[in-house]
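Source file: target02.txt; contents: compact mmCIF, N, CA and C atoms.
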```txt
# COMPACT_ATOMS: atom_id res chain seq x y z
N MET A 1 -17.25 -59.06 -194.49
CA MET A 1 -18.09 -58.15 -195.24
C MET A 1 -19.18 -58.97 -195.94
N GLU A 2 -20.42 -58.53 -195.80
CA GLU A 2 -21.53 -59.23 -196.44
C GLU A 2 -21.88 -58.57 -197.75
N LYS A 3 -22.35 -59.38 -198.67
CA LYS A 3 -22.84 -58.87 -199.93
C LYS A 3 -24.22 -58.26 -199.70
N CYS A 4 -24.48 -57.13 -200.33
CA CYS A 4 -25.80 -56.51 -200.25
C CYS A 4 -26.75 -57.30 -201.13
N ASN A 5 -28.03 -57.17 -200.89
CA ASN A 5 -29.01 -57.82 -201.74
C ASN A 5 -29.86 -56.80 -202.45
N SER A 6 -29.23 -55.85 -203.09
CA SER A 6 -29.95 -54.84 -203.84
C SER A 6 -29.98 -55.26 -205.30
N GLU A 7 -31.15 -55.65 -205.76
CA GLU A 7 -31.27 -56.12 -207.14
C GLU A 7 -31.09 -54.99 -208.14
N LYS A 8 -31.22 -53.74 -207.69
CA LYS A 8 -31.10 -52.61 -208.60
C LYS A 8 -29.64 -52.35 -209.00
N LEU A 9 -28.71 -52.69 -208.14
CA LEU A 9 -27.30 -52.40 -208.39
C LEU A 9 -26.55 -53.66 -208.81
N PRO A 10 -25.62 -53.51 -209.77
CA PRO A 10 -24.76 -54.64 -210.09
C PRO A 10 -23.92 -55.00 -208.85
N ILE A 11 -23.46 -56.22 -208.78
CA ILE A 11 -22.73 -56.70 -207.60
C ILE A 11 -21.51 -55.83 -207.31
N TYR A 12 -20.75 -55.46 -208.34
CA TYR A 12 -19.55 -54.66 -208.08
C TYR A 12 -19.92 -53.32 -207.44
N MET A 13 -21.07 -52.74 -207.83
CA MET A 13 -21.49 -51.48 -207.22
C MET A 13 -22.00 -51.68 -205.80
N GLN A 14 -22.57 -52.84 -205.52
CA GLN A 14 -22.98 -53.15 -204.15
C GLN A 14 -21.75 -53.17 -203.25
N ILE A 15 -20.66 -53.72 -203.76
CA ILE A 15 -19.40 -53.76 -203.00
C ILE A 15 -18.89 -52.33 -202.79
N VAL A 16 -18.91 -51.53 -203.83
CA VAL A 16 -18.47 -50.13 -203.74
C VAL A 16 -19.31 -49.39 -202.70
N GLU A 17 -20.64 -49.58 -202.74
CA GLU A 17 -21.53 -48.91 -201.80
C GLU A 17 -21.23 -49.33 -200.36
N LYS A 18 -20.93 -50.60 -200.17
CA LYS A 18 -20.59 -51.09 -198.82
C LYS A 18 -19.30 -50.42 -198.32
N PHE A 19 -18.28 -50.37 -199.17
CA PHE A 19 -17.04 -49.69 -198.77
C PHE A 19 -17.29 -48.21 -198.52
N LYS A 20 -18.10 -47.58 -199.39
CA LYS A 20 -18.42 -46.16 -199.25
C LYS A 20 -19.07 -45.92 -197.89
N HIS A 21 -20.01 -46.77 -197.53
CA HIS A 21 -20.69 -46.66 -196.23
C HIS A 21 -19.69 -46.79 -195.09
N ASP A 22 -18.81 -47.78 -195.19
CA ASP A 22 -17.81 -48.00 -194.13
C ASP A 22 -16.84 -46.83 -194.01
N ILE A 23 -16.55 -46.18 -195.12
CA ILE A 23 -15.66 -45.01 -195.09
C ILE A 23 -16.39 -43.82 -194.46
N LEU A 24 -17.62 -43.57 -194.92
CA LEU A 24 -18.38 -42.42 -194.42
C LEU A 24 -18.70 -42.54 -192.93
N THR A 25 -18.88 -43.75 -192.44
CA THR A 25 -19.20 -43.94 -191.02
C THR A 25 -17.95 -44.08 -190.16
N GLY A 26 -16.78 -44.03 -190.77
CA GLY A 26 -15.54 -44.10 -190.01
C GLY A 26 -15.10 -45.51 -189.67
N ARG A 27 -15.81 -46.50 -190.15
CA ARG A 27 -15.42 -47.89 -189.89
C ARG A 27 -14.09 -48.20 -190.57
N LEU A 28 -13.88 -47.60 -191.74
CA LEU A 28 -12.60 -47.71 -192.43
C LEU A 28 -11.90 -46.36 -192.34
N LYS A 29 -10.65 -46.36 -191.97
CA LYS A 29 -9.88 -45.13 -191.77
C LYS A 29 -9.01 -44.82 -192.98
N ASN A 30 -8.64 -43.55 -193.10
CA ASN A 30 -7.77 -43.12 -194.18
C ASN A 30 -6.46 -43.92 -194.17
N ASP A 31 -6.02 -44.33 -195.34
CA ASP A 31 -4.79 -45.10 -195.56
C ASP A 31 -4.85 -46.53 -195.02
N GLU A 32 -6.01 -46.96 -194.54
CA GLU A 32 -6.17 -48.34 -194.06
C GLU A 32 -6.15 -49.28 -195.27
N PRO A 33 -5.42 -50.39 -195.16
CA PRO A 33 -5.40 -51.33 -196.28
C PRO A 33 -6.74 -52.05 -196.44
N LEU A 34 -7.14 -52.22 -197.69
CA LEU A 34 -8.34 -52.99 -198.00
C LEU A 34 -7.92 -54.43 -198.28
N PRO A 35 -8.85 -55.38 -198.19
CA PRO A 35 -8.49 -56.76 -198.50
C PRO A 35 -7.98 -56.87 -199.93
N SER A 36 -7.14 -57.85 -200.17
CA SER A 36 -6.68 -58.08 -201.54
C SER A 36 -7.89 -58.44 -202.39
N MET A 37 -7.77 -58.26 -203.70
CA MET A 37 -8.89 -58.60 -204.58
C MET A 37 -9.24 -60.09 -204.46
N ARG A 38 -8.23 -60.91 -204.35
CA ARG A 38 -8.46 -62.36 -204.22
C ARG A 38 -9.22 -62.66 -202.92
N SER A 39 -8.79 -62.03 -201.85
CA SER A 39 -9.46 -62.22 -200.55
C SER A 39 -10.90 -61.71 -200.61
N LEU A 40 -11.09 -60.54 -201.20
CA LEU A 40 -12.44 -59.97 -201.33
C LEU A 40 -13.34 -60.90 -202.15
N SER A 41 -12.80 -61.43 -203.25
CA SER A 41 -13.63 -62.29 -204.10
C SER A 41 -14.04 -63.56 -203.35
N LYS A 42 -13.14 -64.10 -202.52
CA LYS A 42 -13.48 -65.30 -201.74
C LYS A 42 -14.49 -64.96 -200.64
N THR A 43 -14.24 -63.88 -199.92
CA THR A 43 -15.11 -63.48 -198.81
C THR A 43 -16.53 -63.17 -199.29
N MET A 44 -16.61 -62.45 -200.42
CA MET A 44 -17.91 -62.03 -200.94
C MET A 44 -18.52 -63.06 -201.88
N ASN A 45 -17.76 -64.10 -202.19
CA ASN A 45 -18.22 -65.15 -203.10
C ASN A 45 -18.58 -64.56 -204.47
N VAL A 46 -17.64 -63.73 -204.98
CA VAL A 46 -17.80 -63.14 -206.31
C VAL A 46 -16.55 -63.46 -207.12
N SER A 47 -16.64 -63.26 -208.42
CA SER A 47 -15.49 -63.53 -209.27
C SER A 47 -14.39 -62.49 -209.03
N LEU A 48 -13.19 -62.86 -209.41
CA LEU A 48 -12.05 -61.94 -209.31
C LEU A 48 -12.28 -60.73 -210.21
N VAL A 49 -12.94 -60.93 -211.34
CA VAL A 49 -13.25 -59.84 -212.26
C VAL A 49 -14.18 -58.83 -211.58
N THR A 50 -15.18 -59.32 -210.84
CA THR A 50 -16.11 -58.44 -210.12
C THR A 50 -15.37 -57.65 -209.04
N ALA A 51 -14.50 -58.32 -208.29
CA ALA A 51 -13.72 -57.65 -207.25
C ALA A 51 -12.84 -56.57 -207.87
N LYS A 52 -12.19 -56.88 -209.00
CA LYS A 52 -11.34 -55.90 -209.66
C LYS A 52 -12.16 -54.70 -210.14
N LYS A 53 -13.33 -54.97 -210.70
CA LYS A 53 -14.18 -53.88 -211.18
C LYS A 53 -14.61 -52.98 -210.01
N ALA A 54 -14.91 -53.59 -208.87
CA ALA A 54 -15.28 -52.81 -207.68
C ALA A 54 -14.11 -51.93 -207.25
N TYR A 55 -12.91 -52.50 -207.19
CA TYR A 55 -11.74 -51.72 -206.76
C TYR A 55 -11.39 -50.64 -207.77
N ASP A 56 -11.52 -50.95 -209.07
CA ASP A 56 -11.27 -49.94 -210.11
C ASP A 56 -12.25 -48.78 -209.97
N THR A 57 -13.52 -49.10 -209.72
CA THR A 57 -14.54 -48.07 -209.56
C THR A 57 -14.26 -47.23 -208.32
N MET A 58 -13.86 -47.88 -207.24
CA MET A 58 -13.55 -47.13 -206.01
C MET A 58 -12.39 -46.17 -206.25
N GLU A 59 -11.41 -46.61 -207.02
CA GLU A 59 -10.28 -45.74 -207.30
C GLU A 59 -10.71 -44.56 -208.18
N GLU A 60 -11.58 -44.83 -209.16
CA GLU A 60 -12.11 -43.76 -210.02
C GLU A 60 -12.89 -42.73 -209.21
N LEU A 61 -13.59 -43.19 -208.18
CA LEU A 61 -14.38 -42.29 -207.33
C LEU A 61 -13.53 -41.59 -206.28
N GLY A 62 -12.26 -41.96 -206.19
CA GLY A 62 -11.38 -41.35 -205.20
C GLY A 62 -11.52 -41.94 -203.82
N LEU A 63 -12.13 -43.13 -203.72
CA LEU A 63 -12.30 -43.79 -202.42
C LEU A 63 -11.09 -44.61 -202.02
N SER A 64 -10.26 -44.93 -202.99
CA SER A 64 -9.09 -45.77 -202.69
C SER A 64 -7.95 -45.40 -203.63
N TYR A 65 -6.79 -45.88 -203.28
CA TYR A 65 -5.62 -45.77 -204.15
C TYR A 65 -4.84 -47.07 -204.04
N THR A 66 -4.11 -47.38 -205.09
CA THR A 66 -3.36 -48.64 -205.13
C THR A 66 -1.87 -48.35 -205.24
N ILE A 67 -1.10 -49.06 -204.46
CA ILE A 67 0.35 -49.03 -204.57
C ILE A 67 0.75 -50.41 -205.09
N PRO A 68 1.29 -50.46 -206.32
CA PRO A 68 1.65 -51.76 -206.90
C PRO A 68 2.58 -52.55 -205.96
N GLY A 69 2.22 -53.80 -205.75
CA GLY A 69 3.01 -54.68 -204.89
C GLY A 69 2.68 -54.53 -203.41
N LYS A 70 1.93 -53.50 -203.04
CA LYS A 70 1.60 -53.27 -201.62
C LYS A 70 0.12 -53.50 -201.34
N GLY A 71 -0.75 -53.06 -202.27
CA GLY A 71 -2.17 -53.25 -202.07
C GLY A 71 -2.99 -52.01 -202.34
N THR A 72 -4.26 -52.08 -201.94
CA THR A 72 -5.20 -50.99 -202.12
C THR A 72 -5.56 -50.43 -200.75
N PHE A 73 -5.65 -49.09 -200.67
CA PHE A 73 -5.82 -48.41 -199.40
C PHE A 73 -6.96 -47.41 -199.47
N VAL A 74 -7.57 -47.14 -198.32
CA VAL A 74 -8.66 -46.16 -198.22
C VAL A 74 -8.11 -44.77 -198.46
N ASN A 75 -8.89 -43.98 -199.22
CA ASN A 75 -8.50 -42.62 -199.54
C ASN A 75 -9.66 -41.68 -199.18
N TYR A 76 -9.43 -40.77 -198.25
CA TYR A 76 -10.47 -39.82 -197.84
C TYR A 76 -10.49 -38.57 -198.71
N GLN A 77 -9.68 -38.51 -199.72
CA GLN A 77 -9.54 -37.32 -200.54
C GLN A 77 -10.88 -36.81 -201.04
N ASN A 78 -11.77 -37.71 -201.40
CA ASN A 78 -13.04 -37.32 -202.01
C ASN A 78 -14.22 -37.43 -201.06
N LEU A 79 -13.99 -37.46 -199.77
CA LEU A 79 -15.05 -37.68 -198.79
C LEU A 79 -16.17 -36.63 -198.88
N GLU A 80 -15.81 -35.37 -198.98
CA GLU A 80 -16.83 -34.32 -199.07
C GLU A 80 -17.65 -34.43 -200.35
N THR A 81 -17.00 -34.77 -201.45
CA THR A 81 -17.71 -34.95 -202.71
C THR A 81 -18.71 -36.08 -202.59
N ILE A 82 -18.33 -37.15 -201.91
CA ILE A 82 -19.22 -38.29 -201.72
C ILE A 82 -20.43 -37.87 -200.89
N LYS A 83 -20.19 -37.11 -199.82
CA LYS A 83 -21.29 -36.64 -198.98
C LYS A 83 -22.24 -35.74 -199.77
N GLU A 84 -21.68 -34.85 -200.59
CA GLU A 84 -22.51 -33.96 -201.40
C GLU A 84 -23.34 -34.77 -202.39
N TYR A 85 -22.74 -35.76 -203.01
CA TYR A 85 -23.46 -36.62 -203.95
C TYR A 85 -24.60 -37.33 -203.24
N LYS A 86 -24.33 -37.83 -202.06
CA LYS A 86 -25.36 -38.54 -201.29
C LYS A 86 -26.50 -37.60 -200.93
N MET A 87 -26.17 -36.36 -200.57
CA MET A 87 -27.21 -35.38 -200.24
C MET A 87 -28.09 -35.09 -201.47
N MET A 88 -27.48 -34.98 -202.64
CA MET A 88 -28.24 -34.74 -203.86
C MET A 88 -29.15 -35.95 -204.16
N GLU A 89 -28.63 -37.14 -203.95
CA GLU A 89 -29.39 -38.36 -204.16
C GLU A 89 -30.59 -38.41 -203.20
N LEU A 90 -30.35 -38.06 -201.93
CA LEU A 90 -31.43 -38.04 -200.94
C LEU A 90 -32.48 -36.98 -201.28
N GLU A 91 -32.01 -35.82 -201.73
CA GLU A 91 -32.93 -34.75 -202.09
C GLU A 91 -33.86 -35.20 -203.22
N GLU A 92 -33.31 -35.89 -204.20
CA GLU A 92 -34.12 -36.39 -205.31
C GLU A 92 -35.16 -37.40 -204.82
N LYS A 93 -34.74 -38.32 -203.96
CA LYS A 93 -35.66 -39.33 -203.44
C LYS A 93 -36.75 -38.69 -202.58
N LEU A 94 -36.36 -37.73 -201.74
CA LEU A 94 -37.33 -37.05 -200.89
C LEU A 94 -38.34 -36.25 -201.71
N SER A 95 -37.87 -35.62 -202.79
CA SER A 95 -38.78 -34.88 -203.66
C SER A 95 -39.83 -35.81 -204.25
N GLU A 96 -39.39 -36.98 -204.71
CA GLU A 96 -40.33 -37.97 -205.26
C GLU A 96 -41.32 -38.41 -204.20
N MET A 97 -40.83 -38.63 -202.99
CA MET A 97 -41.71 -39.06 -201.89
C MET A 97 -42.71 -37.97 -201.53
N LEU A 98 -42.27 -36.71 -201.53
CA LEU A 98 -43.18 -35.61 -201.21
C LEU A 98 -44.29 -35.48 -202.25
N ILE A 99 -43.92 -35.65 -203.51
CA ILE A 99 -44.93 -35.59 -204.57
C ILE A 99 -45.94 -36.72 -204.38
N ASP A 100 -45.43 -37.92 -204.10
CA ASP A 100 -46.30 -39.07 -203.88
C ASP A 100 -47.20 -38.84 -202.67
N ALA A 101 -46.62 -38.32 -201.60
CA ALA A 101 -47.39 -38.05 -200.39
C ALA A 101 -48.48 -37.01 -200.66
N LYS A 102 -48.12 -35.95 -201.37
CA LYS A 102 -49.08 -34.89 -201.70
C LYS A 102 -50.24 -35.47 -202.52
N ASN A 103 -49.92 -36.35 -203.45
CA ASN A 103 -50.94 -36.98 -204.28
C ASN A 103 -51.88 -37.87 -203.47
N HIS A 104 -51.44 -38.25 -202.28
CA HIS A 104 -52.26 -39.09 -201.41
C HIS A 104 -52.80 -38.32 -200.20
N GLY A 105 -52.73 -36.99 -200.27
CA GLY A 105 -53.32 -36.17 -199.23
C GLY A 105 -52.50 -36.07 -197.95
N ILE A 106 -51.23 -36.36 -198.02
CA ILE A 106 -50.37 -36.28 -196.84
C ILE A 106 -49.58 -34.97 -196.91
N SER A 107 -49.64 -34.18 -195.85
CA SER A 107 -49.00 -32.85 -195.86
C SER A 107 -47.51 -32.96 -195.50
N LYS A 108 -46.79 -31.88 -195.82
CA LYS A 108 -45.37 -31.79 -195.45
C LYS A 108 -45.21 -31.87 -193.94
N ASN A 109 -46.11 -31.22 -193.21
CA ASN A 109 -46.04 -31.24 -191.74
C ASN A 109 -46.16 -32.65 -191.20
N GLN A 110 -47.05 -33.44 -191.80
CA GLN A 110 -47.19 -34.83 -191.35
C GLN A 110 -45.91 -35.61 -191.63
N ILE A 111 -45.29 -35.33 -192.75
CA ILE A 111 -44.03 -36.02 -193.09
C ILE A 111 -42.93 -35.58 -192.13
N ILE A 112 -42.88 -34.28 -191.82
CA ILE A 112 -41.88 -33.77 -190.87
C ILE A 112 -42.06 -34.42 -189.50
N GLU A 113 -43.31 -34.55 -189.07
CA GLU A 113 -43.59 -35.24 -187.79
C GLU A 113 -43.07 -36.68 -187.83
N LEU A 114 -43.32 -37.33 -188.95
CA LEU A 114 -42.86 -38.72 -189.11
C LEU A 114 -41.33 -38.78 -189.06
N LEU A 115 -40.67 -37.85 -189.76
CA LEU A 115 -39.20 -37.82 -189.74
C LEU A 115 -38.66 -37.58 -188.33
N ASN A 116 -39.32 -36.72 -187.59
CA ASN A 116 -38.90 -36.45 -186.21
C ASN A 116 -39.04 -37.67 -185.31
N LEU A 117 -39.97 -38.55 -185.63
CA LEU A 117 -40.13 -39.78 -184.86
C LEU A 117 -39.01 -40.79 -185.12
N LEU A 118 -38.44 -40.68 -186.31
CA LEU A 118 -37.36 -41.61 -186.67
C LEU A 118 -36.11 -41.17 -186.01
```

Re-express the file's structure as structure tokens.
Amino acid sequence: MEKCNSEKLPIYMQIVEKFKHDILTGRLKNDEPLPSMRSLSKTMNVSLVTAKKAYDTMEELGLSYTIPGKGTFVNYQNLETIKEYKMMELEEKLSEMLIDAKNHGISKNQIIELLNLL
């Protein structure tokens, strides 16, 4: 697993976002074990405190669950909530982009054409 280089997000949230992406794309399956915190901290070259904060956040978001003595596992319980949150986030970003485009004389139709090309 590679560390993201998003300066906007704290490192622990970059880790959470990476796991979230892997869960949403099916790369990580429900009940699949995640690396130990120690292993994650070594692999990602982050402190154990950062790895723990990432795992705690994932558990708070419903992305994982921990069984003491066994490890941390993927949890799909909140998958739909995560997708809805992502859609709201995208809607906000797209609204900002549309306003910016409108201010520069770019129409919605031109943006739709551009999206269709992607």

Quiz item: Separation of atom N of A:Lys20 and atom CA of A:Met37, in Å?
Solution: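 Distance between the two atoms: 15.3 Å.
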
Exercise. Select, from A:Glu84, A:Ser36, A:Ile111, A:Ile99, the residue with the minimum atom-to-atom distance to A:Gly69, counting only C-alpha atoms.
Key: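 Closest candidate: A:Ser36.
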
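You can rank A:Asp22, A:Glu96, A:Asn45, A:Pro35 by their closest distance to A:Thr72 using all atoms listed in the file, and at the top of that list sits A:Pro35.
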
As a PDB file with N, CA and C atoms, keeping the file's coordinate frame, which residues of chain A does DSSP assign to strand (DSSP E or B)?
```
ATOM      1  N   PRO A  33      -5.420 -50.390-195.160  1.00  0.00           N
ATOM      2  CA  PRO A  33      -5.400 -51.330-196.280  1.00  0.00           C
ATOM      3  C   PRO A  33      -6.740 -52.050-196.440  1.00  0.00           C
ATOM      4  N   SER A  64     -10.260 -44.930-202.990  1.00  0.00           N
ATOM      5  CA  SER A  64      -9.090 -45.770-202.690  1.00  0.00           C
ATOM      6  C   SER A  64      -7.950 -45.400-203.630  1.00  0.00           C
ATOM      7  N   TYR A  65      -6.790 -45.880-203.280  1.00  0.00           N
ATOM      8  CA  TYR A  65      -5.620 -45.770-204.150  1.00  0.00           C
ATOM      9  C   TYR A  65      -4.840 -47.070-204.040  1.00  0.00           C
ATOM     10  N   THR A  66      -4.110 -47.380-205.090  1.00  0.00           N
ATOM     11  CA  THR A  66      -3.360 -48.640-205.130  1.00  0.00           C
ATOM     12  C   THR A  66      -1.870 -48.350-205.240  1.00  0.00           C
ATOM     13  N   ILE A  67      -1.100 -49.060-204.460  1.00  0.00           N
ATOM     14  CA  ILE A  67       0.350 -49.030-204.570  1.00  0.00           C
ATOM     15  C   ILE A  67       0.750 -50.410-205.090  1.00  0.00           C
ATOM     16  N   GLY A  71      -0.750 -53.060-202.270  1.00  0.00           N
ATOM     17  CA  GLY A  71      -2.170 -53.250-202.070  1.00  0.00           C
ATOM     18  C   GLY A  71      -2.990 -52.010-202.340  1.00  0.00           C
ATOM     19  N   THR A  72      -4.260 -52.080-201.940  1.00  0.00           N
ATOM     20  CA  THR A  72      -5.200 -50.990-202.120  1.00  0.00           C
ATOM     21  C   THR A  72      -5.560 -50.430-200.750  1.00  0.00           C
ATOM     22  N   PHE A  73      -5.650 -49.090-200.670  1.00  0.00           N
ATOM     23  CA  PHE A  73      -5.820 -48.410-199.400  1.00  0.00           C
ATOM     24  C   PHE A  73      -6.960 -47.410-199.470  1.00  0.00           C
ATOM     25  N   VAL A  74      -7.570 -47.140-198.320  1.00  0.00           N
ATOM     26  CA  VAL A  74      -8.660 -46.160-198.220  1.00  0.00           C
ATOM     27  C   VAL A  74      -8.110 -44.770-198.460  1.00  0.00           C
TER      28      VAL A  74
END
```

Self-check item: Selected residue, from A:Ala54, A:Met88, A:Leu40, A:Met97, that lies nearest to A:Gln14 when counting only C-alpha atoms
Solution: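 Distance minimum relative to A:Gln14 lands on A:Ala54.
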
The centre and edge lengths of an axis-aligned box containing all atoms of stretch 52-69 of chain A present in the file, extended by 4 Å on each side, are to be given in Å to one decimal, as lines of an AutoDock Vina configuration file.
```
center_x = -6.1
center_y = -49.1
center_z = -206.6
size_x = 26.3
size_y = 23.5
size_z = 17.2
```

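Across the structure, atom CA of A:Gly71 and atom CA of A:Pro10 are spaced 24.0 Å apart.
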
Quiz item: In Å to one decimal, how far is atom N of A:Ser41 from atom N of A:Leu24?
Solution: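 For atom N of A:Leu24 relative to atom N of A:Ser41, the distance reads 20.3 Å.
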
Practice problem: In the coordinates of the file, take the point (-9.2, -51.4, -196.1) and a cut-off of 10 Å; then, counting only C-alpha atoms, name each qualifying protein, DNA or RNA residue as a count of residues only. | Solution: 19

Quiz prompt | Using only C-alpha atoms: which of A:Ala101, A:Leu94, A:Leu115, A:Met44 has the shortest distance to A:Lys18 | solution =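 For A:Lys18, the nearest of the given residues is A:Met44.
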
Self-check item: Distance criterion (all atoms listed in the file): nearest to A:Ile11 out of A:Lys53, A:Lys102, A:Lys42, A:Lys70
Solution: A:Lys53

Quiz item: From the list A:Lys108, A:Lys93, A:Leu98, A:Tyr12, which residue is nearest A:Ala51 when using only N, CA and C atoms?
Solution: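 Nearest to A:Ala51: A:Tyr12.
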
Quiz prompt | alpha helix (DSSP H) call set, DSSP backbone run, stretch 7-88 of chain A, as an MDAnalysis selection string | solution = chainID A and resid 11:24 37:44 48:60 79:88
